[in-house]
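Shown here: start11.cif, mmCIF, C-alpha atoms.
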```cif
data_protein
#
loop_
_atom_site.group_PDB
_atom_site.id
_atom_site.type_symbol
_atom_site.label_atom_id
_atom_site.label_comp_id
_atom_site.auth_asym_id
_atom_site.auth_seq_id
_atom_site.Cartn_x
_atom_site.Cartn_y
_atom_site.Cartn_z
ATOM 1 C CA MET U 1 -6.324 3.258 -0.457
ATOM 2 C CA LYS U 2 -6.315 6.683 -2.072
ATOM 3 C CA ILE U 3 -3.199 8.820 -2.356
ATOM 4 C CA GLU U 4 -4.357 12.428 -2.270
ATOM 5 C CA LYS U 5 -1.114 14.397 -2.278
ATOM 6 C CA VAL U 6 2.598 13.813 -2.852
ATOM 7 C CA ILE U 7 5.318 16.253 -1.779
ATOM 8 C CA LEU U 8 8.935 15.772 -2.804
ATOM 9 C CA GLN U 9 11.662 18.031 -1.504
ATOM 10 C CA ASN U 10 15.212 17.687 -2.835
ATOM 11 C CA VAL U 11 14.531 14.253 -4.318
ATOM 12 C CA GLY U 12 16.148 13.371 -7.660
ATOM 13 C CA PRO U 13 15.592 16.187 -10.160
ATOM 14 C CA HIS U 14 12.864 17.734 -7.978
ATOM 15 C CA ARG U 15 13.890 20.674 -5.813
ATOM 16 C CA LYS U 16 10.283 21.038 -4.637
ATOM 17 C CA LEU U 17 7.293 19.209 -6.116
ATOM 18 C CA GLU U 18 3.753 19.118 -4.751
ATOM 19 C CA ILE U 19 0.999 17.262 -6.596
ATOM 20 C CA ASP U 20 -2.651 16.790 -5.624
ATOM 21 C CA PHE U 21 -4.276 13.671 -7.082
ATOM 22 C CA ASP U 22 -7.937 13.529 -8.092
ATOM 23 C CA SER U 23 -9.970 10.339 -8.289
ATOM 24 C CA GLY U 24 -9.969 8.254 -11.445
ATOM 25 C CA LEU U 25 -7.322 7.492 -14.030
ATOM 26 C CA ILE U 26 -4.206 9.666 -13.772
ATOM 27 C CA GLY U 27 -1.477 10.052 -16.376
ATOM 28 C CA ILE U 28 2.001 11.454 -15.725
ATOM 29 C CA LEU U 29 3.500 13.281 -18.699
ATOM 30 C CA GLY U 30 6.868 14.947 -19.085
ATOM 31 C CA ALA U 31 10.075 15.089 -21.079
ATOM 32 C CA ASN U 32 12.856 12.547 -20.567
ATOM 33 C CA GLY U 33 14.652 13.307 -17.319
ATOM 34 C CA ALA U 34 11.794 15.436 -15.976
ATOM 35 C CA GLY U 35 11.337 13.133 -12.987
ATOM 36 C CA LYS U 36 8.310 10.977 -13.852
ATOM 37 C CA SER U 37 9.993 7.769 -12.684
ATOM 38 C CA THR U 38 11.306 9.573 -9.608
ATOM 39 C CA LEU U 39 7.723 10.484 -8.664
ATOM 40 C CA VAL U 40 6.462 6.908 -9.052
ATOM 41 C CA ASN U 41 9.516 5.418 -7.300
ATOM 42 C CA SER U 42 9.086 7.935 -4.470
ATOM 43 C CA ILE U 43 5.496 6.853 -3.828
ATOM 44 C CA TYR U 44 6.626 3.224 -3.801
ATOM 45 C CA ALA U 45 9.553 4.001 -1.468
ATOM 46 C CA ALA U 46 7.329 5.907 0.947
ATOM 47 C CA LEU U 47 4.795 3.075 1.192
ATOM 48 C CA THR U 48 7.356 0.274 1.490
ATOM 49 C CA ASN U 49 10.538 1.928 2.840
ATOM 50 C CA ASP U 50 12.296 0.214 -0.081
ATOM 51 C CA PHE U 51 14.477 2.616 -2.088
ATOM 52 C CA THR U 52 16.105 0.001 -4.336
ATOM 53 C CA ARG U 53 14.018 1.007 -7.363
ATOM 54 C CA PHE U 54 16.051 4.202 -7.574
ATOM 55 C CA GLY U 55 19.118 2.077 -8.321
ATOM 56 C CA ALA U 56 21.244 4.209 -5.993
ATOM 57 C CA SER U 57 21.957 4.711 -2.310
ATOM 58 C CA LYS U 58 19.727 7.098 -0.367
ATOM 59 C CA SER U 59 22.424 9.780 -0.365
ATOM 60 C CA ASP U 60 22.621 9.617 -4.190
ATOM 61 C CA ILE U 61 18.879 10.258 -4.504
ATOM 62 C CA ILE U 62 19.140 13.694 -2.856
ATOM 63 C CA HIS U 63 18.917 16.598 -5.325
ATOM 64 C CA ASN U 64 22.354 17.712 -6.534
ATOM 65 C CA GLY U 65 21.647 21.360 -5.755
ATOM 66 C CA ALA U 66 20.676 20.720 -2.139
ATOM 67 C CA GLY U 67 22.993 22.146 0.492
ATOM 68 C CA PRO U 68 24.524 19.875 3.156
ATOM 69 C CA ARG U 69 21.885 20.940 5.704
ATOM 70 C CA ASP U 70 18.895 21.069 3.367
ATOM 71 C CA LYS U 71 16.168 18.552 4.160
ATOM 72 C CA SER U 72 15.274 15.877 1.642
ATOM 73 C CA PHE U 73 12.015 13.947 2.029
ATOM 74 C CA ILE U 74 9.032 12.220 0.453
ATOM 75 C CA GLU U 75 5.625 12.954 1.969
ATOM 76 C CA LEU U 76 2.345 11.227 1.136
ATOM 77 C CA HIS U 77 -1.132 12.237 2.215
ATOM 78 C CA GLY U 78 -3.946 9.756 1.740
ATOM 79 C CA SER U 79 -6.893 7.896 3.148
ATOM 80 C CA HIS U 80 -7.887 4.284 3.628
ATOM 81 C CA ARG U 81 -10.817 2.655 5.458
ATOM 82 C CA ASN U 82 -12.007 5.829 7.202
ATOM 83 C CA GLN U 83 -8.478 6.795 8.194
ATOM 84 C CA HIS U 84 -6.455 9.709 6.936
ATOM 85 C CA PHE U 85 -2.678 9.412 6.991
ATOM 86 C CA LYS U 86 0.426 11.501 6.458
ATOM 87 C CA LEU U 87 3.544 9.453 5.780
ATOM 88 C CA THR U 88 7.026 10.976 5.590
ATOM 89 C CA ARG U 89 10.244 9.197 4.649
ATOM 90 C CA SER U 90 13.207 11.527 5.015
ATOM 91 C CA LEU U 91 16.462 10.982 3.180
ATOM 92 C CA ARG U 92 18.189 13.711 5.163
ATOM 93 C CA PRO U 93 17.959 13.458 8.078
ATOM 94 C CA ASN U 94 17.206 9.727 7.805
ATOM 95 C CA THR U 95 13.849 9.559 9.635
ATOM 96 C CA ASN U 96 10.366 8.078 9.270
ATOM 97 C CA LYS U 97 7.027 9.407 10.448
ATOM 98 C CA LEU U 98 3.461 8.175 10.102
ATOM 99 C CA VAL U 99 0.512 10.090 11.514
ATOM 100 C CA TYR U 100 -2.962 8.690 11.024
ATOM 101 C CA ARG U 101 -6.358 9.675 12.324
ATOM 102 C CA LYS U 102 -9.764 8.109 12.054
ATOM 103 C CA LEU U 103 -12.569 9.895 10.216
ATOM 104 C CA ASP U 104 -16.286 9.778 10.962
ATOM 105 C CA ASP U 105 -18.888 8.891 8.316
ATOM 106 C CA ASP U 106 -18.943 12.514 7.119
ATOM 107 C CA GLY U 107 -15.166 12.664 6.666
ATOM 108 C CA ASN U 108 -14.493 14.783 9.777
ATOM 109 C CA TRP U 109 -11.575 14.144 12.145
ATOM 110 C CA LEU U 110 -12.361 12.168 15.265
ATOM 111 C CA GLU U 111 -10.747 13.621 18.375
ATOM 112 C CA SER U 112 -9.670 10.209 19.629
ATOM 113 C CA GLY U 113 -7.680 7.614 17.752
ATOM 114 C CA SER U 114 -4.898 9.798 16.377
ATOM 115 C CA LYS U 115 -1.514 8.053 16.347
ATOM 116 C CA SER U 116 1.997 9.144 15.495
ATOM 117 C CA LEU U 117 4.875 6.717 14.887
ATOM 118 C CA SER U 118 8.523 7.438 14.144
ATOM 119 C CA LYS U 119 10.424 4.126 14.300
ATOM 120 C CA ALA U 120 10.828 2.558 10.844
ATOM 121 C CA GLY U 121 9.686 -0.876 12.042
ATOM 122 C CA ASP U 122 6.591 0.552 13.769
ATOM 123 C CA VAL U 123 5.749 2.659 10.706
ATOM 124 C CA ASN U 124 6.082 -0.327 8.366
ATOM 125 C CA GLN U 125 3.954 -2.508 10.643
ATOM 126 C CA ALA U 126 1.217 0.145 10.947
ATOM 127 C CA ILE U 127 1.127 0.666 7.185
ATOM 128 C CA GLU U 128 0.363 -3.024 6.748
ATOM 129 C CA GLN U 129 -1.883 -3.628 9.769
ATOM 130 C CA GLU U 130 -3.700 -0.322 10.291
ATOM 131 C CA LEU U 131 -3.825 0.971 6.724
ATOM 132 C CA GLY U 132 -4.110 -2.455 5.105
ATOM 133 C CA ILE U 133 -1.280 -1.895 2.625
ATOM 134 C CA SER U 134 0.712 -5.064 1.985
ATOM 135 C CA LYS U 135 4.185 -4.833 0.421
ATOM 136 C CA LEU U 136 3.540 -8.148 -1.301
ATOM 137 C CA VAL U 137 0.452 -6.776 -3.055
ATOM 138 C CA ILE U 138 2.211 -3.492 -3.843
ATOM 139 C CA ASP U 139 5.112 -5.378 -5.447
ATOM 140 C CA LYS U 140 2.975 -7.850 -7.403
ATOM 141 C CA TYR U 141 -0.084 -5.841 -8.416
ATOM 142 C CA VAL U 142 0.359 -2.098 -7.872
ATOM 143 C CA PHE U 143 3.908 -0.997 -8.732
ATOM 144 C CA VAL U 144 4.526 -3.591 -11.411
ATOM 145 C CA ALA U 145 7.494 -3.411 -13.772
ATOM 146 C CA GLN U 146 6.448 -2.662 -17.343
ATOM 147 C CA TRP U 147 7.014 -6.158 -18.733
ATOM 148 C CA ASP U 148 5.717 -7.961 -15.625
ATOM 149 C CA MET U 149 2.159 -6.659 -15.957
ATOM 150 C CA PHE U 150 0.810 -9.966 -17.249
ATOM 151 C CA GLN U 151 2.754 -12.227 -14.909
ATOM 152 C CA PHE U 152 -0.491 -13.302 -13.228
ATOM 153 C CA LEU U 153 -1.392 -15.225 -16.394
ATOM 154 C CA SER U 154 1.353 -17.747 -15.631
ATOM 155 C CA GLN U 155 -0.008 -18.419 -12.134
ATOM 156 C CA THR U 156 -1.838 -21.643 -11.320
ATOM 157 C CA GLU U 157 -5.597 -21.526 -10.805
ATOM 158 C CA SER U 158 -5.234 -21.839 -7.027
ATOM 159 C CA GLU U 159 -2.661 -19.000 -6.951
ATOM 160 C CA ARG U 160 -5.035 -16.773 -8.929
ATOM 161 C CA ALA U 161 -7.876 -17.732 -6.569
ATOM 162 C CA LYS U 162 -5.797 -16.781 -3.522
ATOM 163 C CA THR U 163 -4.815 -13.501 -5.181
ATOM 164 C CA PHE U 164 -8.469 -12.750 -5.948
ATOM 165 C CA GLN U 165 -9.437 -13.533 -2.363
ATOM 166 C CA TYR U 166 -6.760 -11.205 -1.005
ATOM 167 C CA LEU U 167 -7.395 -8.312 -3.400
ATOM 168 C CA CYS U 168 -11.183 -8.497 -3.053
ATOM 169 C CA GLY U 169 -11.214 -9.198 0.678
ATOM 170 C CA THR U 170 -13.156 -12.467 0.380
ATOM 171 C CA GLU U 171 -11.129 -14.388 2.985
ATOM 172 C CA ILE U 172 -13.939 -13.732 5.466
ATOM 173 C CA ALA U 173 -16.371 -15.673 3.238
ATOM 174 C CA THR U 174 -14.077 -18.708 3.414
ATOM 175 C CA LYS U 175 -13.932 -18.424 7.225
ATOM 176 C CA ILE U 176 -17.724 -18.177 7.482
ATOM 177 C CA GLN U 177 -18.127 -21.236 5.255
ATOM 178 C CA LYS U 178 -15.723 -23.224 7.454
ATOM 179 C CA VAL U 179 -17.500 -22.222 10.685
ATOM 180 C CA CYS U 180 -20.884 -23.232 9.235
ATOM 181 C CA THR U 181 -19.501 -26.507 7.889
ATOM 182 C CA ASP U 182 -17.903 -27.358 11.241
ATOM 183 C CA TYR U 183 -21.153 -26.587 13.070
ATOM 184 C CA VAL U 184 -23.304 -28.720 10.791
ATOM 185 C CA SER U 185 -20.809 -31.594 10.801
ATOM 186 C CA ASN U 186 -21.035 -31.742 14.599
ATOM 187 C CA GLN U 187 -24.783 -32.395 14.393
ATOM 188 C CA GLU U 188 -25.982 -36.005 14.662
ATOM 189 C CA LYS U 189 -25.996 -38.233 11.572
ATOM 190 C CA VAL U 190 -25.364 -35.459 9.068
ATOM 191 C CA LYS U 191 -23.300 -36.285 6.037
ATOM 192 C CA LEU U 192 -21.563 -33.368 4.329
ATOM 193 C CA ILE U 193 -19.957 -33.063 0.958
ATOM 194 C CA ASP U 194 -17.245 -30.399 0.973
ATOM 195 C CA ASN U 195 -17.036 -28.741 -2.453
ATOM 196 C CA SER U 196 -15.291 -25.594 -1.205
ATOM 197 C CA LEU U 197 -12.189 -26.101 -3.363
ATOM 198 C CA GLU U 198 -14.343 -26.425 -6.468
ATOM 199 C CA LEU U 199 -16.248 -23.265 -5.507
ATOM 200 C CA GLU U 200 -13.024 -21.329 -4.835
ATOM 201 C CA GLU U 201 -11.662 -22.235 -8.249
ATOM 202 C CA GLN U 202 -14.903 -21.131 -9.905
#
```
Would you encode the structure as structure tokens?
Amino acid sequence: MKIEKVILQNVGPHRKLEIDFDSGLIGILGANGAGKSTLVNSIYAALTNDFTRFGASKSDIIHNGAGPRDKSFIELHGSHRNQHFKLTRSLRPNTNKLVYRKLDDDGNWLESGSKSLSKAGDVNQAIEQELGISKLVIDKYVFVAQWDMFQFLSQTESERAKTFQYLCGTEIATKIQKVCTDYVSNQEKVKLIDNSLELEEQ
């Protein structure tokens, strides 16, 4: 997944913030209280619909200078697996919206396949199923608390193997191996030695 643009309006210290992200390593610099953590927490909240990292209720996250009718929202633009998406989580009014469209091999919009969702549950489900963004992976390996970065070192070997499979998309290799093993084992007088667990650990 690539996040290409973030727009914050009336969120935390940001009256209006719009940032375009390039590829590669990105650093966020600023004075204390400038809103660096707000930016990171906003991206997390938009992807997961979890605002607890702000340590406040949604109404407390809205910019102090915003009027009672001023909109407050987080908007992400990005792409993943030949799909472009625009995700909006509004604090005021309290709404959700996900629009995603498929791209062709040249990066152009396809006329068919555009979808728009506005129910929080549907948006959350589409983020995980259609865009392939798992909250579990986001929590454990993407938006990791500063002192939890090396938590994976305390995992067992099998837990690390499962994590590797998930992050690298190798579950399909395990399924193929099982199908082949089942096929061969159904042949006459064939003795198989299953060393799949040993291979997974390696």
Hits of the PyMOL selection byres ((chain U and resi 6) around 7) in this structure, as a short mmCIF file (atom, residue, chain, number, x, y, z; two decimals) with C-alpha atoms, in the frame of the given file:
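Written out: part-v3.cif:
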```cif
data_model
loop_
_atom_site.label_atom_id
_atom_site.label_comp_id
_atom_site.auth_asym_id
_atom_site.auth_seq_id
_atom_site.Cartn_x
_atom_site.Cartn_y
_atom_site.Cartn_z
CA LYS U 5 -1.11 14.40 -2.28
CA ILE U 7 5.32 16.25 -1.78
CA LEU U 8 8.94 15.77 -2.80
CA GLU U 18 3.75 19.12 -4.75
CA ILE U 19 1.00 17.26 -6.60
CA ASP U 20 -2.65 16.79 -5.62
CA GLU U 75 5.62 12.95 1.97
CA LEU U 76 2.35 11.23 1.14
CA HIS U 77 -1.13 12.24 2.22
#
```
- Residues in the PyMOL selection byres ((chain U and resi 52-68) around 10), expressed as JSON, numbers by chain: {"U": [9, 10, 11, 12, 13, 14, 15, 16, 37, 38, 40, 41, 42, 44, 45, 49, 50, 51, 69, 70, 71, 72, 73, 90, 91, 92, 94]}
- Message: Is it possible to get the residues within 10 Å of (-20.8, -20.9, -2.9) (coordinates as in the file, counting only C-alpha atoms) written as a ChimeraX atom specification?
- Response: /U:173-174,177,195-196,198-200,202
- Mind listing whatever residues come within 12 Å of the point (-11.6, 8.3, -8.8)? Use only C-alpha atoms, file coordinates, and give them as a list in words.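 Neighbouring residues, ordered by chain and number, come to Met1, Lys2, Ile3, Glu4, Phe21, Asp22, Ser23, Gly24, Leu25 and Ile26 of chain U.
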Those same residues - C-alpha atoms - I'd like them written as an mmCIF file, keeping the file's coordinate frame.
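Just written: part28.cif:
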```cif
data_model
loop_
_atom_site.group_PDB
_atom_site.id
_atom_site.type_symbol
_atom_site.label_atom_id
_atom_site.label_comp_id
_atom_site.auth_asym_id
_atom_site.auth_seq_id
_atom_site.Cartn_x
_atom_site.Cartn_y
_atom_site.Cartn_z
ATOM 1 C CA MET U 1 -6.324 3.258 -0.457
ATOM 2 C CA LYS U 2 -6.315 6.683 -2.072
ATOM 3 C CA ILE U 3 -3.199 8.820 -2.356
ATOM 4 C CA GLU U 4 -4.357 12.428 -2.270
ATOM 5 C CA PHE U 21 -4.276 13.671 -7.082
ATOM 6 C CA ASP U 22 -7.937 13.529 -8.092
ATOM 7 C CA SER U 23 -9.970 10.339 -8.289
ATOM 8 C CA GLY U 24 -9.969 8.254 -11.445
ATOM 9 C CA LEU U 25 -7.322 7.492 -14.030
ATOM 10 C CA ILE U 26 -4.206 9.666 -13.772
#
```
- Item | Atom-to-atom span, CA of Leu39 in chain U and CA of Asn82 in chain U, Å |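 Pair CA of Leu39 in chain U / CA of Asn82 in chain U returns 25.7 Å.
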- Query: CA of Leu117 in chain U and CA of Asn96 in chain U, how far apart in Å?
  - Reply: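 Result for CA of Asn96 in chain U versus CA of Leu117 in chain U: 8.0 Å, one decimal.
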- Message: Can you measure CA of Lys178 in chain U to CA of Asp194 in chain U for me? One decimal in Å is fine.
- Response: 9.8 Å
- Nearest to Leu87 in chain U, chosen from U:Leu131, U:Ala120, U:Leu103, U:Ala46, with all atoms listed in the file counted in the distances: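 Between U:Leu131, U:Ala120, U:Leu103, U:Ala46, the residue approaching Leu87 in chain U most closely is U:Ala46.
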Extending 5 Å beyond the listed atoms of range 26-40 of chain U on each side, what axis-aligned box results? I want centre and edge lengths in Å to one decimal, as JSON.
```
{"center_x": 5.2, "center_y": 11.2, "center_z": -14.9, "size_x": 28.9, "size_y": 18.5, "size_z": 22.4}
```
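In terms of minimum interatomic distance to Asp139 in chain U, U:Leu47 ranks closest within U:Val184, U:Ile28, U:Leu17, U:Leu47, counting all atoms listed in the file.
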Evaluate the PyMOL selection byres ((chain U and resi 83) around 6) here and jot the selected residues down as a CSV table (one decimal) with C-alpha atoms, in the frame of the given file.
```csv
chain,number,residue,atom,x,y,z
U,79,SER,CA,-6.9,7.9,3.1
U,80,HIS,CA,-7.9,4.3,3.6
U,81,ARG,CA,-10.8,2.7,5.5
U,82,ASN,CA,-12.0,5.8,7.2
U,84,HIS,CA,-6.5,9.7,6.9
U,101,ARG,CA,-6.4,9.7,12.3
U,102,LYS,CA,-9.8,8.1,12.1
U,103,LEU,CA,-12.6,9.9,10.2
```
- Pick from U:Thr48, U:Ser185, U:Val142, U:Asn32, whichever lies nearest to Glu128 in chain U using only C-alpha atoms: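 Between U:Thr48, U:Ser185, U:Val142, U:Asn32, the residue approaching Glu128 in chain U most closely is U:Thr48.
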- Query: Which is closer to Gly132 in chain U than all the others in U:Leu167, U:Val144, U:Ala161, U:Asp106, using all atoms listed in the file?
  - Reply: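 Of all the options, U:Leu167 lies closest to Gly132 in chain U.
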